[in-house]
Each structure stands twice: as structure tokens, then as C-alpha cells.
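Visitor: What follows is a single structure, and I will ask about it in a moment.
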Amino acid sequence: AGDLALANREFAAYGSNRVLVVDDLLNERALEELHRFCIESTVFFESKSNGYVGAYAEQGFASPLLFAIADQLREALPDVIGDHQLTQAWAYAYASYDEYPTDDAGIRNHADPAAVNVNLWLTPDDANLGERDASIPGGLVVYPVKPPASASYTDFNSEKAKEGVDRFLKECKKCERDAVEVPYRRNRAVIFDSDYVHRSSTYAFRGGHEHRRINVVLLFGANRRLNPKNDNVMRSRIDVEPPGPGFVKGAF
């Protein structure tokens, strides 16, 4: 989809089994401000084993701009997000290929405890060494399959879950066939049922802090099966200037 109105119509027509891709999600001001907030922020406290660090809303990744974007997404995508409230937000910043030269870098297969997942990429495209190489897509792989009914949160979202999740996908006959791989592009959002198993694609970005691959994730609604205690609703109604056209293109 090239705009939010089309994405909303496609979702309404085909249901939640869609993986929506929306390019040019934010206007230039919002895109630059959000990217600057990420690269200048000092709230990336969580170091991951696969060459990336994380910043979470409860640890300071909570700018008014981020909440305004979440509000405008809910208004622009009534059939996708609807009444689901923002329940979590985070950003991940990844090591360059020189710092972590392995195909195993990035986020492994997992599912997130929410109803709707919005994944947005911020780093300029000229930092992406795989921009002209189809073998290094740099984006996201989504398997349109959900964890079994017996699965717990830690079974599909923890450092120790990799082996079990990979085995689940291997035993699923349709998973690889139906997998959707979305290449990296700045200001591209991938929107899908957060219960779907997903992971980072193979990526390679230039060295230098400003060139780090950065993605922002907004989770809307709760997944009562994977995380029955997730009753948290983040405050998302914050007055942000300017009062005219929104930060999210097509929201108004």
C-alpha cells in the first residue's frame, strides 16, 4: 500500500491475515525529529546478545512526538488499530556490519504480546549497504502463523526461546512458503498481527553512529493469550504542535 487509506481498505477487505506495508509514513519533520531523538538519546540501556541495543518506553523512550504519531495512526487506521490503545513502544539500534559481521545479527524469531505491531525504519537509505543487493534485504521477515494455543509468553519471546521457535517453524509446513520478507526502506512501516512470528532480515549498514540501523516498534492492544497480565495502557493523548497537517501522512 502506498498510503494509509489504501492500507486500511485492504485490511478491511482481507482481514487481519494481511501484512501491510506503508511507505513514506511520516512527513519529513516528524521523520527527522524521531530519528534525531533516537541517535541522540541516552536511554538505550538494554544490550542484546545479537549485536543491538534497546530503548523502552518505561525507561525513557517516550517523547511527545512518539505519542502523537501513535494517536494519528489510530485515527488513520480505524479498521487496523481501531480502539486498541498504545501499550508499549521501543527502539532498537544495531551494530554496523564491521562491528558485528555475521548473518545471525539482529532479532531472532519471536512473537510480541499485543494485537497490532507497527514496525518503522528510520535510518537513511544511503547507510544501507544492502540497498542494491537482494541477498541482504535488511528488513523484516513475517511468518503469518501464530504460536500454538499452549504456548506461553516466554516460549516465543525470550533469549532462551530461539531453539523452540525455530523448531516450531521447521515443523510448520506452510511457514516458509507463506513467509513475507519486506526489504528495508527509510520511513517504511510494516503493520501486522503482533502474534505472528517475525525476525530481522539479514542486514549490513555502514559504520558510524548516525548510520546505525534503527527501527521503532509501536504495540497496540493486549494479547491475552501470550501475556495475560498486560493491562498497561500508555498515555497517548498529548498536545503537540503544529495544529495543522499531522505528522502521519494521510491521518487528516
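Order determines the names: the first chain of the C-alpha cells is A, the second B, and so forth; residues in each chain are numbered 1 upward, and ligands are numbered 1 upward as they are shown.
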If you run DSSP on the backbone, which residues of range 55-240 of chain A are alpha helix (DSSP H), as a ChimeraX atom specification?

Guide: /A:64-76,153-156,162-171,175-178

Visitor: If you run DSSP over the backbone, which residues in range 19-151 of chain A end up strand (DSSP E or B)? Put them as number ranges by chain.

Guide: A: 20-22, 26, 46-47, 52-56, 86-94, 110, 116-121, 128, 140-143

Visitor: Could you produce a table of the residues of range 6-58 of chain A lying within 7 Å of range 78-100 of chain A, with the nearest pair of atoms per residue and their separation in Å rounded to one decimal, using only C-alpha atoms, ordered by chain and increasing residue number, as CSV?

Guide:
```
residue,atom,partner,partner_atom,distance
A:Asn8,CA,A:Asp79,CA,5.9
A:Phe11,CA,A:Val80,CA,6.4
A:Ala12,CA,A:Asp79,CA,5.8
A:Gly51,CA,A:Ala95,CA,5.5
A:Tyr52,CA,A:Tyr94,CA,4.2
A:Val53,CA,A:Ala93,CA,5.5
A:Gly54,CA,A:Tyr92,CA,4.6
A:Ala55,CA,A:Ala91,CA,5.3
A:Tyr56,CA,A:Trp90,CA,4.4
A:Ala57,CA,A:Ala89,CA,5.4
```

Visitor: I want to know what sits within 9 Å of Val22 in chain A, based on only C-alpha atoms, with residues of the same chain fewer than 2 positions away left out; could you give that as an MDAnalysis selection string?

Guide: chainID A and resid 1:4 7 20 24:25 187:191

Visitor: Hey, can you spit out that residue selection with C-alpha atoms as an mmCIF file, in the first residue's frame?

Guide:
```cif
data_model
loop_
_atom_site.group_PDB
_atom_site.id
_atom_site.type_symbol
_atom_site.label_atom_id
_atom_site.label_comp_id
_atom_site.auth_asym_id
_atom_site.auth_seq_id
_atom_site.Cartn_x
_atom_site.Cartn_y
_atom_site.Cartn_z
ATOM 1 C CA ALA A 1 0.000 0.000 0.000
ATOM 2 C CA GLY A 2 1.243 3.473 -0.791
ATOM 3 C CA ASP A 3 -0.912 5.321 1.740
ATOM 4 C CA LEU A 4 -2.805 4.732 4.937
ATOM 5 C CA ALA A 7 -3.822 0.100 3.760
ATOM 6 C CA LEU A 20 0.601 -4.229 5.439
ATOM 7 C CA ASP A 24 6.563 7.386 3.441
ATOM 8 C CA LEU A 25 4.579 7.050 6.650
ATOM 9 C CA ASN A 187 10.149 5.697 6.535
ATOM 10 C CA ARG A 188 8.573 2.348 5.636
ATOM 11 C CA ALA A 189 6.151 0.850 8.149
ATOM 12 C CA VAL A 190 5.275 -2.833 8.353
ATOM 13 C CA ILE A 191 1.973 -3.443 10.158
#
```

Visitor: Write out as a JSON list (two decimals) with all heavy atoms, in the first residue's frame the residues lying within 12 Å of Pro148 in chain A, counting only C-alpha atoms and excluding same-chain residues fewer than 2 positions away.

Guide:
```json
[["chain", "number", "residue", "atom", "x", "y", "z"],
["A", 111, "ALA", "N", 7.44, -13.75, 18.80],
["A", 111, "ALA", "CA", 6.12, -13.11, 18.68],
["A", 111, "ALA", "C", 5.98, -12.13, 19.83],
["A", 111, "ALA", "O", 6.49, -12.37, 20.92],
["A", 111, "ALA", "CB", 5.00, -14.15, 18.73],
["A", 145, "VAL", "N", 1.86, -17.00, 10.87],
["A", 145, "VAL", "CA", 1.44, -18.14, 11.68],
["A", 145, "VAL", "C", 1.59, -17.73, 13.14],
["A", 145, "VAL", "O", 2.51, -16.99, 13.51],
["A", 145, "VAL", "CB", 2.30, -19.39, 11.36],
["A", 145, "VAL", "CG1", 3.77, -19.13, 11.64],
["A", 145, "VAL", "CG2", 1.82, -20.59, 12.14],
["A", 146, "LYS", "N", 0.68, -18.19, 13.97],
["A", 146, "LYS", "CA", 0.67, -17.83, 15.38],
["A", 146, "LYS", "C", 1.18, -18.98, 16.24],
["A", 146, "LYS", "O", 1.07, -20.15, 15.85],
["A", 146, "LYS", "CB", -0.74, -17.43, 15.82],
["A", 146, "LYS", "CG", -1.30, -16.25, 15.04],
["A", 146, "LYS", "CD", -2.68, -15.87, 15.52],
["A", 146, "LYS", "CE", -3.23, -14.67, 14.74],
["A", 146, "LYS", "NZ", -4.54, -14.23, 15.25],
["A", 150, "SER", "N", -1.09, -23.57, 23.37],
["A", 150, "SER", "CA", -0.47, -23.95, 24.64],
["A", 150, "SER", "C", 0.76, -23.11, 24.98],
["A", 150, "SER", "O", 1.31, -23.22, 26.08],
["A", 150, "SER", "CB", -0.06, -25.43, 24.60],
["A", 150, "SER", "OG", 0.85, -25.65, 23.53],
["A", 151, "ALA", "N", 1.21, -22.25, 24.05],
["A", 151, "ALA", "CA", 2.45, -21.50, 24.24],
["A", 151, "ALA", "C", 2.29, -20.40, 25.28],
["A", 151, "ALA", "O", 1.24, -19.76, 25.38],
["A", 151, "ALA", "CB", 2.91, -20.90, 22.92],
["A", 152, "SER", "N", 3.35, -20.16, 26.01],
["A", 152, "SER", "CA", 3.39, -19.05, 26.95],
["A", 152, "SER", "C", 4.21, -17.91, 26.34],
["A", 152, "SER", "O", 4.82, -18.06, 25.28],
["A", 152, "SER", "CB", 4.05, -19.48, 28.26],
["A", 152, "SER", "OG", 5.43, -19.76, 28.06],
["A", 153, "TYR", "N", 4.23, -16.79, 27.03],
["A", 153, "TYR", "CA", 5.00, -15.64, 26.56],
["A", 153, "TYR", "C", 6.48, -15.99, 26.40],
["A", 153, "TYR", "O", 7.10, -15.70, 25.37],
["A", 153, "TYR", "CB", 4.83, -14.48, 27.54],
["A", 153, "TYR", "CG", 5.75, -13.31, 27.27],
["A", 153, "TYR", "CD1", 5.51, -12.44, 26.21],
["A", 153, "TYR", "CD2", 6.86, -13.08, 28.08],
["A", 153, "TYR", "CE1", 6.36, -11.37, 25.96],
["A", 153, "TYR", "CE2", 7.70, -12.01, 27.84],
["A", 153, "TYR", "CZ", 7.45, -11.16, 26.77],
["A", 153, "TYR", "OH", 8.29, -10.12, 26.52],
["A", 155, "ASP", "N", 7.85, -18.81, 25.90],
["A", 155, "ASP", "CA", 8.08, -19.81, 24.86],
["A", 155, "ASP", "C", 8.40, -19.16, 23.52],
["A", 155, "ASP", "O", 9.07, -19.76, 22.67],
["A", 155, "ASP", "CB", 6.85, -20.71, 24.68],
["A", 155, "ASP", "CG", 6.66, -21.66, 25.84],
["A", 155, "ASP", "OD1", 7.65, -21.94, 26.55],
["A", 155, "ASP", "OD2", 5.51, -22.10, 26.05],
["A", 156, "PHE", "N", 7.89, -17.93, 23.30],
["A", 156, "PHE", "CA", 8.06, -17.28, 22.00],
["A", 156, "PHE", "C", 8.66, -15.89, 22.08],
["A", 156, "PHE", "O", 8.76, -15.20, 21.07],
["A", 156, "PHE", "CB", 6.70, -17.21, 21.26],
["A", 156, "PHE", "CG", 6.40, -18.45, 20.49],
["A", 156, "PHE", "CD1", 5.99, -19.61, 21.13],
["A", 156, "PHE", "CD2", 6.56, -18.48, 19.11],
["A", 156, "PHE", "CE1", 5.74, -20.77, 20.42],
["A", 156, "PHE", "CE2", 6.31, -19.63, 18.39],
["A", 156, "PHE", "CZ", 5.90, -20.79, 19.04],
["A", 164, "GLY", "N", 13.29, -23.50, 20.36],
["A", 164, "GLY", "CA", 11.91, -23.95, 20.27],
["A", 164, "GLY", "C", 11.13, -23.27, 19.16],
["A", 164, "GLY", "O", 10.34, -23.92, 18.45],
["A", 165, "VAL", "N", 11.34, -21.97, 18.98],
["A", 165, "VAL", "CA", 10.62, -21.24, 17.93],
["A", 165, "VAL", "C", 11.09, -21.72, 16.56],
["A", 165, "VAL", "O", 10.28, -21.94, 15.65],
["A", 165, "VAL", "CB", 10.83, -19.73, 18.07],
["A", 165, "VAL", "CG1", 10.11, -18.99, 16.95],
["A", 165, "VAL", "CG2", 10.33, -19.24, 19.42],
["A", 168, "PHE", "N", 9.52, -25.00, 15.86],
["A", 168, "PHE", "CA", 8.11, -24.81, 15.52],
["A", 168, "PHE", "C", 7.95, -24.41, 14.05],
["A", 168, "PHE", "O", 7.11, -24.94, 13.32],
["A", 168, "PHE", "CB", 7.52, -23.73, 16.43],
["A", 168, "PHE", "CG", 6.18, -23.21, 15.99],
["A", 168, "PHE", "CD1", 5.03, -23.96, 16.16],
["A", 168, "PHE", "CD2", 6.07, -21.95, 15.40],
["A", 168, "PHE", "CE1", 3.78, -23.47, 15.76],
["A", 168, "PHE", "CE2", 4.84, -21.46, 15.00],
["A", 168, "PHE", "CZ", 3.70, -22.21, 15.18],
["A", 169, "LEU", "N", 8.78, -23.48, 13.57],
["A", 169, "LEU", "CA", 8.70, -23.04, 12.18],
["A", 169, "LEU", "C", 9.11, -24.16, 11.22],
["A", 169, "LEU", "O", 8.51, -24.31, 10.14],
["A", 169, "LEU", "CB", 9.59, -21.82, 11.96],
["A", 169, "LEU", "CG", 9.13, -20.52, 12.64],
["A", 169, "LEU", "CD1", 10.16, -19.43, 12.43],
["A", 169, "LEU", "CD2", 7.77, -20.08, 12.11],
["A", 172, "CYS", "N", 6.33, -26.53, 10.76],
["A", 172, "CYS", "CA", 5.16, -25.93, 10.13],
["A", 172, "CYS", "C", 5.35, -25.96, 8.61],
["A", 172, "CYS", "O", 6.19, -25.25, 8.06],
["A", 172, "CYS", "CB", 5.00, -24.48, 10.62],
["A", 172, "CYS", "SG", 3.76, -23.53, 9.71],
["A", 195, "ASP", "N", 0.90, -11.23, 16.97],
["A", 195, "ASP", "CA", 1.01, -12.64, 17.33],
["A", 195, "ASP", "C", 1.79, -13.43, 16.28],
["A", 195, "ASP", "O", 2.20, -14.56, 16.52],
["A", 195, "ASP", "CB", -0.40, -13.24, 17.48],
["A", 195, "ASP", "CG", -0.47, -14.30, 18.57],
["A", 195, "ASP", "OD1", 0.54, -14.53, 19.24],
["A", 195, "ASP", "OD2", -1.54, -14.90, 18.73],
["A", 196, "TYR", "N", 1.98, -12.87, 15.08],
["A", 196, "TYR", "CA", 2.73, -13.56, 14.04],
["A", 196, "TYR", "C", 4.21, -13.64, 14.43],
["A", 196, "TYR", "O", 4.78, -12.70, 14.97],
["A", 196, "TYR", "CB", 2.62, -12.82, 12.71],
["A", 196, "TYR", "CG", 1.31, -13.00, 11.98],
["A", 196, "TYR", "CD1", 1.00, -12.20, 10.89],
["A", 196, "TYR", "CD2", 0.39, -13.97, 12.36],
["A", 196, "TYR", "CE1", -0.18, -12.34, 10.20],
["A", 196, "TYR", "CE2", -0.80, -14.12, 11.68],
["A", 196, "TYR", "CZ", -1.08, -13.31, 10.59],
["A", 196, "TYR", "OH", -2.26, -13.46, 9.90],
["A", 197, "VAL", "N", 4.81, -14.76, 14.13],
["A", 197, "VAL", "CA", 6.25, -14.92, 14.35],
["A", 197, "VAL", "C", 7.01, -14.06, 13.34],
["A", 197, "VAL", "O", 6.66, -14.03, 12.15],
["A", 197, "VAL", "CB", 6.66, -16.40, 14.22],
["A", 197, "VAL", "CG1", 8.16, -16.56, 14.39],
["A", 197, "VAL", "CG2", 5.91, -17.25, 15.25],
["A", 225, "ARG", "N", -3.54, -14.06, 25.41],
["A", 225, "ARG", "CA", -3.02, -15.42, 25.46],
["A", 225, "ARG", "C", -1.52, -15.44, 25.76],
["A", 225, "ARG", "O", -1.05, -16.14, 26.64],
["A", 225, "ARG", "CB", -3.29, -16.13, 24.13],
["A", 225, "ARG", "CG", -2.89, -17.58, 24.12],
["A", 225, "ARG", "CD", -3.41, -18.26, 22.88],
["A", 225, "ARG", "NE", -2.85, -17.65, 21.69],
["A", 225, "ARG", "CZ", -1.64, -17.98, 21.20],
["A", 225, "ARG", "NH1", -0.91, -18.86, 21.82],
["A", 225, "ARG", "NH2", -1.19, -17.43, 20.10],
["A", 226, "LEU", "N", -0.75, -14.61, 25.04],
["A", 226, "LEU", "CA", 0.70, -14.60, 25.24],
["A", 226, "LEU", "C", 1.11, -13.81, 26.48],
["A", 226, "LEU", "O", 2.15, -14.07, 27.07],
["A", 226, "LEU", "CB", 1.40, -14.00, 24.02],
["A", 226, "LEU", "CG", 1.64, -14.95, 22.85],
["A", 226, "LEU", "CD1", 2.47, -14.25, 21.78],
["A", 226, "LEU", "CD2", 2.35, -16.22, 23.28]]
```

Visitor: Nearest residue to Pro137 in chain A out of A:Arg185, A:Arg177, A:Arg18, A:Lys162, using only C-alpha atoms?

Guide: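 Among the listed residues, the smallest separation from Pro137 in chain A belongs to A:Arg185.
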
Visitor: Report, in Å to a single decimal, how far apart CA of Asn119 in chain A and CA of Phe192 in chain A are.

Guide: 8.7 Å

Visitor: One number please: CA of Val182 in chain A to CA of Ser49 in chain A, in Å, one decimal.

Guide: 23.6 Å
